[in-house]
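Here is the structure we will look at, set down as structure tokens.
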Amino acid sequence: MRKKMVALWLIILLAISQVFPAYAGSENGLRKDTPNYKVAFYAYDCYHMQDENGKRYGYGYDMMQDISKYLQCTFSYIGYEKSAKECEDMLRDGGVDIYTAARRTPEREEEFAFSTHPSITATTCMNVKVGNRKIVAGDYSTYEGIRIGLLKRHTYNERFKQFTQEKGFSCEILYYDTPVELSNALINDEVDALVNSYIRTPEDELTIENFGETPYFFMARKEDQALIREIDEAIDRMNTEHPNWRDELYTEYYGSPDKNLEFTEEEEDLLKQMREDGVTVRAVMNPDANPYSWYEDGRAHGIVADLFTATAKKLGINYEIVPVSSKEEYETLISSGDVDIWMDMESYYEDEGEYKYKITDPYLTTSISVLRRRGVAGKIAKLAVIGDNIAVDEIVALTWPNVRLISLETTQECIRQILEEKVDGALMMSYTAQKLAREDTQNRLSVEIVPGAMMNLKMGINAKDDCHFYGLWQKTLTEVAEQMSAQTVQSYLETTSAPTLTAYLFDHPSYLVSVIASVWLFIFLIVLYIQTVRTKNRQLKISEQLSVALREAKDANDAKLNFFSKMSHDIRTPLNVVLGMTQIAKKYKYDSEKLDNALDSITSEGSYLLSVINSILDVNQLEHGHIELVHKPFNPEECMRESMEILRPLADKKSQNLTVSCGFKDQVVIGDPGRFSQIMVNIVSNAIKYTDLGGRIQVSLDLLEDGKTYRFTCTDNGIGMTKEYLKHIYEDYSRADNSRTSTTEGTGLGMSVVKGFTDLMHGKLSIQSEPGKGSTFVVEIPFEESSPKQRESVLKIVTEESQPQMDFNGKKVLLVEDNALNAEIAEELLTSLGFFVEWAENGKVALEKYQRSEKNEYFVIFMDMQMPVMDGVEATRQIRATEREDHEVPIIAMTANAFANDQRICMEAGMNAYITKPITIKEIEEAVNSLMTQPDALVV
């Protein structure tokens with residue numbers, strides 16, 4: 001048992017280790033190959049900087065450090081003392097691996113690999129010193145003859161020359177090697193203006209011409225294209241998890257854009273009036289853009305709702321976000337002009353309707369993703385979008401120019417069509433796509449960020465509202481967005497990103513399989529434990545049953561041993577009398593008186609010995625259910641009186657008063673008279689045995705009111721029985737154990753036989769007894785009613801029995817018996833009745849004698865059943881099958897086979913009567929007389 005428990009715990013620990021795998025150690029568990037890449041770190045103001053202690057900082061440095069958090073690599077920064085051109089040469093020669101801010105040119109694209117995402121964006125413009133009033137923006141006559149500084153390798157140089165020709169002015173161009181030299185030239189009045197690309201315009205310079213934005217990209221050697229892809233993927237994750245990272249870096253190193261957020265006097269007056277009048281600003285937002293915007297129980301939720309609410313509260317004005325339940329209702333409300341603020345206005349809004357909206361600056365920038373069915377790869381042919389959106393259309397046109405757009409109304413429709421494979425994916429804002437994928441607990445959806453695709457969220461102010469309200473809202477929204485947009489987005493991002501247990505398991509199939517396996521293992525162990533307990537209990541129950549069975553078998557064996565001991569005594573006692581009296585008869589064969597006494601004793605004890613054998617056979621038949629009842633008409637009164645006449649000598653021997661009475665007359669029923677007689681004989685014989693000398697025994701047979709049930713009653717004043725013994729009286733081999741019964745002959749089978757026959761005949765048996773006062777036995781048995789013909793036949797036999805018997809002198813009979821001694825006895829008995837006997841030793845000899853005999857030569861054939869060569873049953877069949885006129889000669893079975901089944905076999909073979917051994921003259925005479933007076937009757 002102890003070894004089993006240890007094994008059980010080992011299995012459980014193994015299962016737990018599968019669900020919660022432990023790391024064997026840092027070297028094997030956490031450590032991975034981590035390459036180091038060299039980054040070009042040339043000096044550039046605000047972008048690449050290094051102090052006197054060697055500490056690096058700047059927009060480009062911090063950006064690369066942030067990117068490294070999403071990559072399995074490290075960065076080394078080389079070339080601070082080099083120029084940008086020298087660093088480019090180092091990239092070409094393998095001295096560095098990454099160049100972080102390169103303009104994309106056809107020449108470079110042939111040689112290097114470029115990222116999809118820009119690292120930074122600069123504005124190319126023409127600047128003059130602050131305070132220069134000689135050169136007026138847009139007045140190209142003032143540009144004539146001025147000195148303009150350019151960088152030697154700036155990509156815009158040729159474009160600027162074309163610009164001078166287009167605008168019709170001439171100028172002197174001076175070239176400088178570095179941006180620092182160029183800026184110093186303007187400060188020192190070496191040039192009147194300069195053309196350069198700026199991330200932010202210096203405070204001492206004034207822009208007079210803006211030539212557009214120029215993106216700068218990550219650049220690497222062609223063989224490092226995989227590294228560029230990893231950088232793009234890292235920026236995608238940064239855009240998703242921290243969408244304002246560029247603004248924060250820009251603000252840190254280049255300062256916030258110069259915006260005046262102070263209210264004008266008119267704006268202040270309007271705000272004061274709105275507060276006094278309790279004006280409520282009504283707004284609406286998209287109901288199907290969780291986590292950006294959605295409604296729940298009529299209340300607005302999401303990033304957009306939080307920023308709007310914070311703006312309204314900062315202004316101190318009343319507000320209402322009108323709840324809408326569908327995209328259609330949302331668009332209807334916007335087009336009706338019944339709201340003051342469109343909270344999530346599209347960047348490319350077409351103001352062609354009656355109601356127009358003034359667009360604010362972006363308050364949130366978000367990446368764009370494709371929601372797809374997990375496991376699906378390949379090109380996108382059909383792409384779902386929600387409604388008509390110009391910004392989305394432009395993203396699709398740039399990324400998938402040949403894709404077919406399917407416009408749907410809701411995100412749920414998108415999910416359904418994706419799962420049904422009607423579309424390849426759905427384009428939507430990244431946080432919405434991530435939330436939908438996370439909420440799909442079956443893990444059927446995945447999210448793919450579209451590289452470089454961004455969408456700006458803005459608010460629209462109803463053009464019919466006071467024009468000064470736009471300024472109030474724009475300035476406050478800008479301030480609120482700068483202060484809390486990142487924090488607000490992060491709070492919803494954490495909520496969206498936190499997976500449920502089910503989603504986590506679907507995202508990590510190995511853990512799901514482990515959990516399921518562990519659960520099944522746990523269930524298996526529980527079932528195994530329960531089965532073990534049940535098996536043990538079953539074994540205990542079987543052991544108990546075996547113990548009980550063993551005790552019962554021992555008790556039964558003891559009872560049988562006791563029975564065999566008593567039976568041996570009861571068999572040997574009469575057998576001793578038979579053998580002893582046989583010797584006495586031989587000794588006194590000339591003394592007639594002593595000879596007669598010896599023969600009487602032999603006959604009496606032989607009859608008792610036969611009853612013992614019959615009881616044993618009956619019990620065996622009852623136990624195995626082999627007894628078959630005979631159904632024949634008989635007179636129950638006559639059956640009772642004949643049975644009592646058999647027992648009367650025993651009662652007379654003990655000077656007992658045996659009285660017999662019957663409450664009816666001339667009744668004939670259908671049943672088994674032999675078994676009925678045996679019931680009565682066993683009951684009355686017990687009464688005689690256990691009643692003292694001179695005792696009283698009263699026997700009666702009555703017909704009950706139902707007209708078919710007969711009640712046999714036997715009352716004695718004998719020794720009686722205890723209540724305890726009455727519980728076991730029907731058990732085989734049972735006898736009361738006391739000094740008075742130990743001297744009385746009996747096997748203890750009598751009442752068992754009585755009970756068995758009574759039940760077999762659908763009767764009832766009851767016993768009342770008291771020690772010292774006697775006992776009363778009552779048997780009630782229902783019999784079938786006889787037909788008038790059967791009744792007449794039985795009563796006629798009774799009448800004829802009183803008439804003189806037939807004369808058998810000279811009648812020839814054939815005796816078929818294989819045992820010579822039995823044949824001698826039978827021949828003697830038949831001869832004493834006047835028959836002439838011819839003997840055949842088996843069935844074949846008997847058949848041959850019959851076939852050679854004259855017609856009607858044999859008066860009767862007495863046939864044994866079991867014989868060698870040919871048995872009596874087969875011989876009877878062949879005799880009946882002959883074509884002789886006397887083939888119906890009477891055949892009487894004379895056999896030791898005493899069971900009902902044997903009788904049936906004999907009758908089916910064609911025999912007419914049945915006598916069981918040992919035979920008597922009376923039985924032979926009665927059988928022959930019955931056949932002669934009733935040829936059609938079967939005599940048993």
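Naming scheme: A, B, ... for chains in displayed order of the structure tokens; residues 1 onward per chain; ligands 1 onward as shown.
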Within 10 Å of Glu233 in chain A using only C-alpha atoms, minus same-chain residues under 4 positions, as a list in words: Ile67, Tyr70, Leu71, Thr116, His117, Leu227, Ile228, Arg229, Arg237, Met238, Asn239, Ile449, Val450 and Pro451 of chain A
Residues near Phe211 in chain A, cut-off 10 Å, only C-alpha atoms, skip fewer than 6 positions along chain, as a list in words: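 That gives Thr123, Thr124, Cys125, Met126, Tyr156, Arg159, Phe160, Phe163, Val195, Asn196 and Ser197 of chain A.
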All residues 10 Å or closer to Glu81 in chain A, only C-alpha atoms, same chain fewer than 2 positions away omitted, as number ranges by chain: A: 41-43, 78-79, 83-84, 86-87
Shell around Glu785 in chain A at 12 Å using only C-alpha atoms, local window under 6 positions removed, as a list of chain:residue names: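 Listed by chain and then number, they are A:His631, A:Lys632, A:Pro633, A:Phe634, A:Asn635, A:Pro636, A:Gln667, A:Val668, A:Val669, A:Ile670, A:Gly671, A:Asp706, A:Gly707, A:Lys708, A:Thr709, A:Tyr710, A:Arg791.
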All residues 10 Å or closer to range 298-312 of chain A, only C-alpha atoms, same chain fewer than 5 positions away omitted, as number ranges by chain: A: 280-281, 283-287, 289-293, 317-325, 341, 343-344, 363-364, 457-459, 472-481, 484-485, 487-493
